[in-house]
Amino acid sequence: MAEKVLVTGGAGYIGSHCVVELLEAGYHPVVIDNFHNAIRGTHGLPESLQRVQKILGKEIEFEEVDLLNKDALSSLFDKHKFSAVLHFAGLKAVGESVEKPLLYYKVNLTGTIHLLEVMSSHGVKKLVFSSSATVYGDPKYLPIDESHPVGGCTNPYGKTKYFIEEMIKDQCKAEGDWCAILLRYFNPIGAHVSGRIGEDPQGIPNNLMPYVSQVAVGRREYLNVFGNDYNTPDGTGVRDYIHIVDLAKGHIAALKRLETSSGCKAYNLGTGVGYSVLQMVKAMEKASGKEVPYKIVARREGDIATCYADPALAAAELGWKAEYDLDRMCEDLWRWQSHNPTGFSTEH
Ligand code: WQD
């Protein structure tokens, strides 16, 4: 009997790619989402999950549930015997979190508290949490390992990730038989090799590569490069970009680790290699054969110069490391974007 795993926010970019890997690894995912950031497809399924069903030829169990509705969440746990939970659901726009901090604290923190309470009342004690390298704040040293100080977050979104990590740590201390893994993502990019699913930000993309790919496909005129006066090789920001499928496989490795460990531990999911904005533009031009015009503009508030991971702990304890290189990340991103110029709303 396949292990049943609850996937909160499983219609999103990271969640949907993890659902693919869960199914391929023989798990039985049950997905919940509130459609805050997902396009509705047919039969009440999010379009992203419709596509996953077509890619794999497998049905996906989905329910529209909002974590703020604790009763609905509890009924879900009455109905299903989950062996573990992968928790992705939450708001994630850095800029928006600065404008609407209380919304971010309500959705991300209250939603997670409901989830932890219902897990506890139903005896579900294994959890993988979608955290972020943003919990490290401005790096004190590089590469960043998991012993780097956390909590120096510069925006409410990052603070919610940090607070949730702390809530989960305290819950694991309070109920000694819990086991949780916090996965600190660096910069996930790219798409499933089929080109059928990928990142589909609503409105103007906050993140670099969705914006770059929209310029390459002709949806946007040019890229604004947020500053070229950083202390980096070409003056533009350096980040650790990781293929979304590598990231998704990291979740399967974490689930397997939960079977033999206890307590709460954090792992970086990154490649250990940093690339600058201009290097990413060049890589996308190579993968797409398209020009990506750009303009150098002022720095973005809160940005740091350089950030990249020391991924050794995940390799040692999860038996996981990123396999895909930058060319592959951009090739897969281009296949998704060129087949879906306006994301999930249309498919060419
Ligand atoms: C990358 C680089 C920008 C856009 C954020 C969140 C983090 C996580 C990943 C959720 C930087 C530059 C960007 C643009 C640009 N999100 N840039 N023009 O800031 O490293 O991390 O996304 O978990 O929590 O903080 O990623 O893609 O926004 O920026 O020049 O239009 O690209 O200055 O150097 P970031 P990013």
# chains A, B, ... in the order shown; residues from 1 in each chain; ligands from 1
>>> residues_near_ligand(ligand="ligand 1", cutoff="9 Å", atoms="only C-alpha atoms and all ligand atoms", output="PDB file with C-alpha atoms, in the first residue's frame")
ATOM      1  CA  LYS A  92       5.744  34.222  -0.930  1.00  0.00           C
ATOM      2  CA  ALA A  93       6.123  37.669  -2.516  1.00  0.00           C
ATOM      3  CA  VAL A  94       8.834  39.611  -0.695  1.00  0.00           C
ATOM      4  CA  SER A 130       9.400  24.449   2.506  1.00  0.00           C
ATOM      5  CA  SER A 131      11.807  26.959   4.027  1.00  0.00           C
ATOM      6  CA  SER A 132      14.143  29.398   2.318  1.00  0.00           C
ATOM      7  CA  ALA A 133      17.743  30.629   2.390  1.00  0.00           C
ATOM      8  CA  THR A 134      16.179  33.963   3.169  1.00  0.00           C
ATOM      9  CA  VAL A 135      16.221  32.898   6.844  1.00  0.00           C
ATOM     10  CA  ASN A 155      11.235  41.392   5.232  1.00  0.00           C
ATOM     11  CA  TYR A 157       7.979  37.050   4.204  1.00  0.00           C
ATOM     12  CA  GLY A 158      11.443  35.939   5.311  1.00  0.00           C
ATOM     13  CA  LYS A 161       9.820  31.356   7.180  1.00  0.00           C
ATOM     14  CA  ARG A 184      16.166  25.882   2.900  1.00  0.00           C
ATOM     15  CA  TYR A 185      15.809  26.551  -0.817  1.00  0.00           C
ATOM     16  CA  PHE A 186      18.273  28.793  -2.594  1.00  0.00           C
ATOM     17  CA  ASN A 187      16.956  29.986  -5.977  1.00  0.00           C
ATOM     18  CA  PRO A 188      14.777  27.375  -7.707  1.00  0.00           C
ATOM     19  CA  ILE A 189      14.395  27.864 -11.487  1.00  0.00           C
ATOM     20  CA  ILE A 204       4.897  41.185 -13.078  1.00  0.00           C
ATOM     21  CA  PRO A 205       7.421  38.543 -11.963  1.00  0.00           C
ATOM     22  CA  ASN A 206       9.370  39.465  -8.814  1.00  0.00           C
ATOM     23  CA  ASN A 207      12.051  36.876  -9.490  1.00  0.00           C
ATOM     24  CA  LEU A 208      14.807  37.082 -12.074  1.00  0.00           C
ATOM     25  CA  MET A 209      14.361  34.037 -14.306  1.00  0.00           C
ATOM     26  CA  PRO A 210      10.608  34.181 -14.881  1.00  0.00           C
ATOM     27  CA  TYR A 211      11.164  37.796 -15.924  1.00  0.00           C
ATOM     28  CA  VAL A 212      14.124  36.910 -18.168  1.00  0.00           C
ATOM     29  CA  LEU A 223      14.969  43.247 -18.131  1.00  0.00           C
ATOM     30  CA  ASN A 224      15.706  45.786 -15.402  1.00  0.00           C
ATOM     31  CA  VAL A 225      19.006  44.769 -13.827  1.00  0.00           C
ATOM     32  CA  PHE A 226      18.818  45.914 -10.211  1.00  0.00           C
ATOM     33  CA  GLY A 227      22.261  47.436  -9.829  1.00  0.00           C
ATOM     34  CA  ASN A 228      25.703  46.636 -11.261  1.00  0.00           C
ATOM     35  CA  THR A 236      25.498  42.314 -10.560  1.00  0.00           C
ATOM     36  CA  GLY A 237      23.937  40.117  -7.867  1.00  0.00           C
ATOM     37  CA  VAL A 238      25.169  36.531  -7.481  1.00  0.00           C
ATOM     38  CA  ARG A 239      22.793  33.716  -6.460  1.00  0.00           C
ATOM     39  CA  ASP A 240      22.734  29.914  -6.208  1.00  0.00           C
ATOM     40  CA  TYR A 241      20.240  28.814  -8.879  1.00  0.00           C
ATOM     41  CA  SER A 276      25.479  36.691 -11.575  1.00  0.00           C
ATOM     42  CA  VAL A 277      22.453  38.319 -13.169  1.00  0.00           C
ATOM     43  CA  LEU A 278      24.376  38.977 -16.379  1.00  0.00           C
ATOM     44  CA  MET A 280      21.973  34.225 -16.195  1.00  0.00           C
ATOM     45  CA  ILE A 296      20.927  48.745 -15.557  1.00  0.00           C
ATOM     46  CA  VAL A 297      18.741  50.484 -12.962  1.00  0.00           C
ATOM     47  CA  ARG A 299      19.531  48.489  -6.671  1.00  0.00           C
ATOM     48  CA  ARG A 300      16.374  46.856  -5.274  1.00  0.00           C
ATOM     49  CA  GLU A 301      15.722  47.622  -1.592  1.00  0.00           C
ATOM     50  CA  GLY A 302      16.831  44.746   0.645  1.00  0.00           C
ATOM     51  CA  ASP A 303      18.884  42.894  -1.990  1.00  0.00           C
ATOM     52  CA  ILE A 304      22.210  41.358  -0.964  1.00  0.00           C
ATOM     53  CA  ALA A 305      25.281  41.100  -3.218  1.00  0.00           C
ATOM     54  CA  THR A 306      26.088  37.394  -3.053  1.00  0.00           C
ATOM     55  CA  CYS A 307      24.427  34.264  -1.720  1.00  0.00           C
TER      56      CYS A 307
END
>>> residues_around(residues="segment 164-167 of chain A", least_positions_apart="2", cutoff="12 Å", atoms="only C-alpha atoms", output="ChimeraX atom specification")
/A:87-88,90,104-105,107-117,127-136,150-151,157-162,169-174,180-184,264-267
>>> residues_around(residues="Lys249 of chain A", least_positions_apart="3", cutoff="8 Å", atoms="only C-alpha atoms", output="MDAnalysis selection string")
chainID A and resid 18 21 245:246 252:253 320
>>> closest_residue(among="A:Gly250, A:Gly270, A:Gly57, A:Gly41", to="Ala309 of chain A", atoms="only C-alpha atoms")
A:Gly270
>>> select_by_dssp(residues="segment 66-291 of chain A", states="helix (DSSP H, G or I)", output="number ranges by chain")
A: 70-79, 94-99, 101-121, 133-136, 156-174, 208-216, 244-258, 277-288
>>> residues_around(residues="Asn37 of chain A", least_positions_apart="6", cutoff="9 Å", atoms="only C-alpha atoms", output="list of chain:residue names")
A:Ala11, A:Gly12, A:Leu91, A:Asp200, A:Pro201, A:Gln202
>>> closest_residue(among="A:Val85, A:Val98, A:Ile168, A:Ile55", to="Cys153 of chain A", atoms="only C-alpha atoms")
A:Val98
>>> residues_around(residues="Lys125 of chain A", least_positions_apart="4", cutoff="8 Å", atoms="only C-alpha atoms", output="PyMOL selection string")
chain A and resi 83-84+119-120+177-180
>>> residues_around(residues="Leu313 of chain A", least_positions_apart="4", cutoff="10 Å", atoms="only C-alpha atoms", output="list in words")
Asp145, Glu146, Ala266, Tyr267, Asn268, Leu269, Glu317, Leu318, Gly319, Trp320 and Lys321 of chain A
>>> closest_residue(among="A:Gly137, A:Ala283, A:Leu142, A:Thr342", to="Arg219 of chain A", atoms="only C-alpha atoms")
A:Thr342
>>> residues_around(residues="Val5 of chain A", least_positions_apart="3", cutoff="9 Å", atoms="only C-alpha atoms", output="list of chain:residue names")
A:Leu22, A:Tyr27, A:His28, A:Pro29, A:Val30, A:Val31, A:Lys81, A:Phe82, A:Ser83, A:Ala84, A:Val85, A:Leu86
>>> atom_distance(atom1="atom CA of Gly9 of chain A", atom2="atom CA of Pro139 of chain A")
28.9 Å
>>> select_by_dssp(residues="segment 137-313 of chain A", states="strand (DSSP E)", output="number ranges by chain")
A: 179-185, 187-189, 223-226, 238-239, 241-243, 263-269, 275-276, 294-297
>>> atom_distance(atom1="atom CA of Gly190 of chain A", atom2="atom CA of Arg51 of chain A")
16.3 Å
>>> atom_distance(atom1="atom CA of Ala2 of chain A", atom2="atom CA of Lys126 of chain A")
15.9 Å
